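Participant: Structure below; questions to follow.
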Amino acid sequence: MSAPTSRTSAMLDRVLIGLALAIAVLAPLVLHSAYWLRVLILICIFAIVNQAWNLIIGYAGIWSFAQLALFVMGGYTTALMSLNLGWSPWLGCIAGAVVATLASMVIGIPSLRLKGAYVFLLTLAFHEIFRNLFILDTDQRFGGQYGLQRFEKWNFGGEGSVEKLTRTYYVALALLIVASLVIWRIIHSPMGLAFRSLRDSEAYALSRGVPEYRFKLLVYAISAFITGFAGAFYAHYLGSISPTNLDFNILMTQMAMIVIGGWGTFFGPILGTIVVKLADEQLRDFEQLRTLIFGAAMVATVIFLPKGLVAPLAALKNRLAAAIDARRGDADPPAA
Amino acid sequence: MSGIGGRPVLEVAGLHSGYGETEVLRGVSLHVNPGETIVVLGPNGHGKTTLLRTISGLIRATAGDVAFGSRDTRGLAPDEIAGLGLIHVPQGDLLYGEMTVLENLKMGAYRAAAWAELGERLERVYLLFPRLRERQKQLARTLSGGERRMLSVGRGLMGNSALLMLDEPSLGLAPVVIDELYDRIGEIRASGLPILLVEESATRIEGLADRVYLLENGTIAREGAPADLLADPALLQTYLGIA
Amino acid sequence: MSQISLVIYQGLVLGAIYALMALAFTLVYGALRFLNLSLGALFTLGAYVAFVISGQLGLPAIAGIVGAFVLVGLAGVGVYQIAVRPLVGRPGWEIASIISTLGVGIVIQQLIQLVWGPRNQAMPEIVSGNLRVGDVLVIQYQRVAVVLVSLVVMTALWFFLTRSRHGLAIRAVAQNRDAAYLNGASVNRIFMLVMALGSGLAAVAGVLLSTVLISLNPTVGLSYALRGLVVTIFGGLGSITGTLAAAFIIGLFEAFVSVYLGEGWKLPALFLFLIVVLVIRPGGLAGVSAEERT
């Protein structure tokens, strides 16, 4: 995808990533309020969900729209474990991840051999059915429309809400970093390479004998595991989980994040999550307009910036690298 | 015999074209005079199909000129070029498999001017290929190879044609069927419609072609009367398979 | 016995509506090879247009249906120009067009909400009165009218696609784009026509559904778009006859589940049904060939 990068460009990459990490680590010192910490925590959690989604939709060509369903499924699993069996939150997170993975296989095994449109439909149907399951839950096994509440919230120690939230933020940030590393490894593994060649030229990749179906199932499972885990973490952060998390508007906001950030790019989903979440906070008072704006922004991005906001930033970085190279070239005597 | 009618119907000059990075045509120039039947001979993969697809606008030329009558067709969309009367009968027929023979023929007369005379045009094609009339209610995908080729040519003739381009009409057909088809092409020629035909084999061009071009490696290697070219033993070996 | 007649009655009404919705998806998919997700919102828009024409202006129902078809058809051309045309032919365009039409759909739905508010509106009946048959089945003339309108629209569509010049061209473009070009058809204009036709059909489906539900709200399109998609894929993407059969099969299936198992089971049952179908017959009813599926 990226052009052969010069050594300068690779060095710049490292500097920028280091800078971003430093900002992320130091952010709570500046944004030292419960409000901002909550925003930051949600950014971390949604960034994980979006990274996992981008892995399948942007890289593996699996048009799955069951992402929120898998997310919420992780949340409900841990909530039920916590309420009924008294499991600890971390154990619940694992359980949530496993259940989401199993669900992804139920969807994936019949559909991943088929055309993208089928996967899209089956996963969207899955989402809708899952939502209905809770809304029509008449015997209140899952708490009906209100969902499940009053189960254990995260407690990483600390005094006062700001301190508590700061610690939760660092845990969420650590999870985001771990999830991103895992996804980075997958994208740069031989399998990831195969997927990219499949995405860029299906005929070529098939002629090279890429066993598409198995790879797709595997990546879908990994993505679902991460997503389910994030869902469970989210549930314990809020101390509640409800079907409103499956609202169509939320699915669309999530979609807007990866599209606007740049789907099929590694940093796009993170950037998109930050941008859209911050915009979302600014537009809080305009409930009606907010979805409209995200919808319009999504269309505009797909048409004018197919690689999302990451693309102009990457171009800027490349120009910077070229400028540095040029200056060095002036200093060093030409090689030939 | 040929070239008396003034300016050429089709004039191609210095045409470059290809797929993506790969350049297939490297400066092809040729022309078709009114009433002429021109055959472009060339081995497979040397640009015959690319030439026709570029002339009809399915592929954008990277350089060069194509003039059809008095019109410069560079930059025109394929449907506009077809509307001018430059009819391309593509390789592999490209029939509408799930439509009937009649519907395929009707699509050939899609442009408003041709559609207005649908009945007469249909009658003319049926006269040329009576088999198509018998098969008119059948789906195109159920036809035999020879019938498919006839339908493909017939569909081209349904249009408002001022020049007919045929891409390897003999491809994949049994010799008997090829003979019959070439008889029909002879009849089309006799009606005065100029023809630009590309073929890999020179077997059936004598008596049909007014002039022949040899297309090799994306350029015109030779041009001449069929008799001259067929007198060259080296060419005979390449295009007729005679040792 | 009477239960069965109820299933058939409800199934036919649902099938008649689903058929129009699914034909909208199928026509567009057939010609352009993408799922036009703005159709859900255009379905809703159609219902609101008819609501204004028939409910608020008091014009006859037929004016509402025709108005919805025409106005929403024009909106469909707008969607094509804004969100589809710039993407045609780009690498990865199938998923890009899904996302962009989904985005446009959201914008349309939000605009509907801004104009008419989020609450339910009452949709006027086309025809009133009913006929009691036996002790369970009550046939509402309203619903008979819905089925009739749907049949008339489908018949008209059939004639258009098989007899008219542009109808033929729509099918031709769907089967072989290059050939259509060489026959002199402007593929771009055919795409526009297909988008208009598909959007118009979705609009009529929206009008018919809201007259059956006797109400409408801005989000009604979503779940019916989903059903339309289920039908489309079950019928075999791009196949018109397959789609029609699938619409009535799924309509009957849904009616069967809701009569015998209860409303809540409709979607889960439909989902399971679709999974089973896709495993047994991955090409859908029309059984598209293997290379088509991948």
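Ordering of the structure tokens sets the chain letters (A, B, ...); residue numbers start at 1 within each chain; ligands are numbered from 1 in the order shown.
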Tell me the residues of chain A close to chain C, meaning within 10 Å using only C-alpha atoms, as a PyMOL selection string.
Facilitator: chain A and resi 57-58+61-63+106-107+109-118+120-126+128-130+132-133+135-138+199-201+248-249+252+255-256+259+288-304+306
Participant: According to DSSP computed on the backbone, where in region 192-241 of chain C is there helix (DSSP H, G or I)? Give the residues as a compact mmCIF listing (two decimals) with C-alpha atoms, in the first residue's frame.
Facilitator:
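out_23.txt was written with the following content:
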```txt
# COMPACT_ATOMS: atom_id res chain seq x y z
CA MET C 192 -29.46 7.09 -14.13
CA LEU C 193 -32.61 5.53 -15.46
CA VAL C 194 -32.10 2.42 -13.33
CA MET C 195 -31.53 4.49 -10.22
CA ALA C 196 -34.69 6.47 -10.94
CA LEU C 197 -36.73 3.35 -11.57
CA GLY C 198 -35.38 1.54 -8.49
CA SER C 199 -36.00 4.55 -6.28
CA GLY C 200 -39.51 4.94 -7.68
CA LEU C 201 -40.29 1.28 -6.96
CA ALA C 202 -38.98 1.60 -3.41
CA ALA C 203 -41.16 4.67 -2.97
CA VAL C 204 -44.29 2.83 -4.10
CA ALA C 205 -43.41 -0.02 -1.74
CA GLY C 206 -43.12 2.56 1.03
CA VAL C 207 -46.51 4.03 0.24
CA LEU C 208 -48.17 0.60 0.17
CA LEU C 209 -46.59 -0.51 3.40
CA SER C 210 -47.56 2.62 5.28
CA THR C 211 -51.15 2.27 4.13
CA VAL C 212 -51.14 -1.25 5.52
CA LEU C 213 -49.59 -0.13 8.80
CA VAL C 220 -39.72 2.68 9.02
CA GLY C 221 -37.47 2.18 6.00
CA LEU C 222 -34.62 0.50 7.79
CA SER C 223 -36.17 -2.81 8.74
CA TYR C 224 -38.04 -3.05 5.44
CA ALA C 225 -34.89 -2.30 3.50
CA LEU C 226 -33.36 -5.20 5.39
CA ARG C 227 -36.23 -7.45 4.37
CA GLY C 228 -36.00 -6.23 0.83
CA LEU C 229 -32.35 -7.23 0.89
CA VAL C 230 -33.15 -10.65 2.32
CA VAL C 231 -35.59 -11.19 -0.51
CA THR C 232 -33.14 -9.89 -3.09
CA ILE C 233 -30.37 -12.20 -2.00
CA PHE C 234 -32.65 -15.18 -1.50
CA ILE C 240 -35.87 -10.59 -11.62
CA THR C 241 -37.94 -13.77 -11.73
```
Participant: So that I can see what lies close to region 29-34 of chain B, please list as a PyMOL selection string the residues with an atom at most 10 Å from it, counting only C-alpha atoms and leaving out residues fewer than 6 positions away in the same chain.
Facilitator: chain B and resi 2-16+40+64-69+162-163+192-196+210-211+213+219-220+223
Participant: Within 6 Å of chain B, which residues of chain C come that close, and what is the closest atom pair and distance in Å for each? Count only C-alpha atoms and give it as a Markdown table.
Facilitator:
```
| residue | atom | partner | partner_atom | distance |
| --- | --- | --- | --- | --- |
| C:Gln175 | CA | B:Tyr96 | CA | 5.7 |
| C:Ala179 | CA | B:Leu94 | CA | 5.8 |
| C:Tyr181 | CA | B:Asp79 | CA | 4.9 |
| C:Leu182 | CA | B:Ala82 | CA | 5.9 |
| C:Asn183 | CA | B:Gly108 | CA | 5.2 |
| C:Gly184 | CA | B:Asp79 | CA | 3.8 |
| C:Ala185 | CA | B:Asp79 | CA | 5.3 |
| C:Ser186 | CA | B:Asp79 | CA | 5.5 |
```
Participant: Report the distance between CA of Arg327 (chain A) and CA of Leu313 (chain A) in Å, rounded to one decimal place.
Facilitator: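 CA of Arg327 (chain A) sits 21.2 Å away from CA of Leu313 (chain A).
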Participant: Would you pick out the contacts of region 35-52 of chain A at 6 Å or less, using only C-alpha atoms, so that residues sharing its chain but fewer than 4 positions from it are not included, and give the list as a PyMOL selection string?
Facilitator: chain A and resi 31+169+172-173+176+223+227+269-270+273
Participant: Could the residues in this selection be written to a file with N, CA, C and O atoms, as a CSV table (one decimal), in the first residue's frame?
Facilitator:
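Written file, selection-v1.csv:
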```csv
chain,number,residue,atom,x,y,z
A,31,LEU,N,-5.8,17.5,30.5
A,31,LEU,CA,-7.3,17.4,30.5
A,31,LEU,C,-7.7,16.8,31.9
A,31,LEU,O,-8.2,15.7,31.9
A,169,TYR,N,-8.4,5.2,32.5
A,169,TYR,CA,-7.9,5.7,31.2
A,169,TYR,C,-6.6,5.0,30.8
A,169,TYR,O,-6.5,4.5,29.7
A,172,ALA,N,-7.3,1.5,29.7
A,172,ALA,CA,-7.9,1.5,28.4
A,172,ALA,C,-6.9,1.8,27.3
A,172,ALA,O,-6.9,1.1,26.2
A,173,LEU,N,-6.0,2.7,27.6
A,173,LEU,CA,-5.0,3.1,26.6
A,173,LEU,C,-4.0,1.9,26.4
A,173,LEU,O,-3.7,1.6,25.2
A,176,LEU,N,-5.7,-0.5,24.2
A,176,LEU,CA,-5.7,0.0,22.8
A,176,LEU,C,-4.3,-0.3,22.1
A,176,LEU,O,-4.2,-0.7,21.0
A,223,SER,N,-10.7,-10.6,15.1
A,223,SER,CA,-11.4,-9.3,15.2
A,223,SER,C,-12.5,-9.4,16.2
A,223,SER,O,-12.7,-8.5,17.1
A,227,THR,N,-13.1,-7.4,19.7
A,227,THR,CA,-14.3,-6.6,19.9
A,227,THR,C,-15.1,-7.0,21.1
A,227,THR,O,-15.6,-6.2,21.9
A,269,PRO,N,-8.5,4.4,11.6
A,269,PRO,CA,-9.5,4.2,12.6
A,269,PRO,C,-9.3,4.9,13.9
A,269,PRO,O,-10.2,5.5,14.5
A,270,ILE,N,-8.0,5.0,14.3
A,270,ILE,CA,-7.7,5.7,15.6
A,270,ILE,C,-8.0,7.2,15.4
A,270,ILE,O,-8.7,7.9,16.1
A,273,THR,N,-11.6,7.9,15.1
A,273,THR,CA,-12.3,7.8,16.4
A,273,THR,C,-12.1,9.1,17.1
A,273,THR,O,-13.1,9.7,17.7
```
Participant: Which value, in Å to one decimal, gives the distance between CA of Leu320 (chain A) and CA of Leu19 (chain A)?
Facilitator: 15.8 Å
Participant: Rounded to one decimal place, report the CA of Gly108 (chain A)-CA of Ala24 (chain C) distance in Å.
Facilitator: 27.3 Å
Participant: Can you tell me, as a ChimeraX atom specification, what residues are no more than 6 Å from Ala68 (chain C) when counting only C-alpha atoms, ignoring any on the same chain fewer than 3 positions away?
Facilitator: /C:46,49-50,64-65,71-72,203
Participant: Which of these, A:Met105, A:Ile241, A:Ala22, A:Ala95, has the shortest distance to Gly143 (chain A) once you count only C-alpha atoms?
Facilitator: A:Ile241
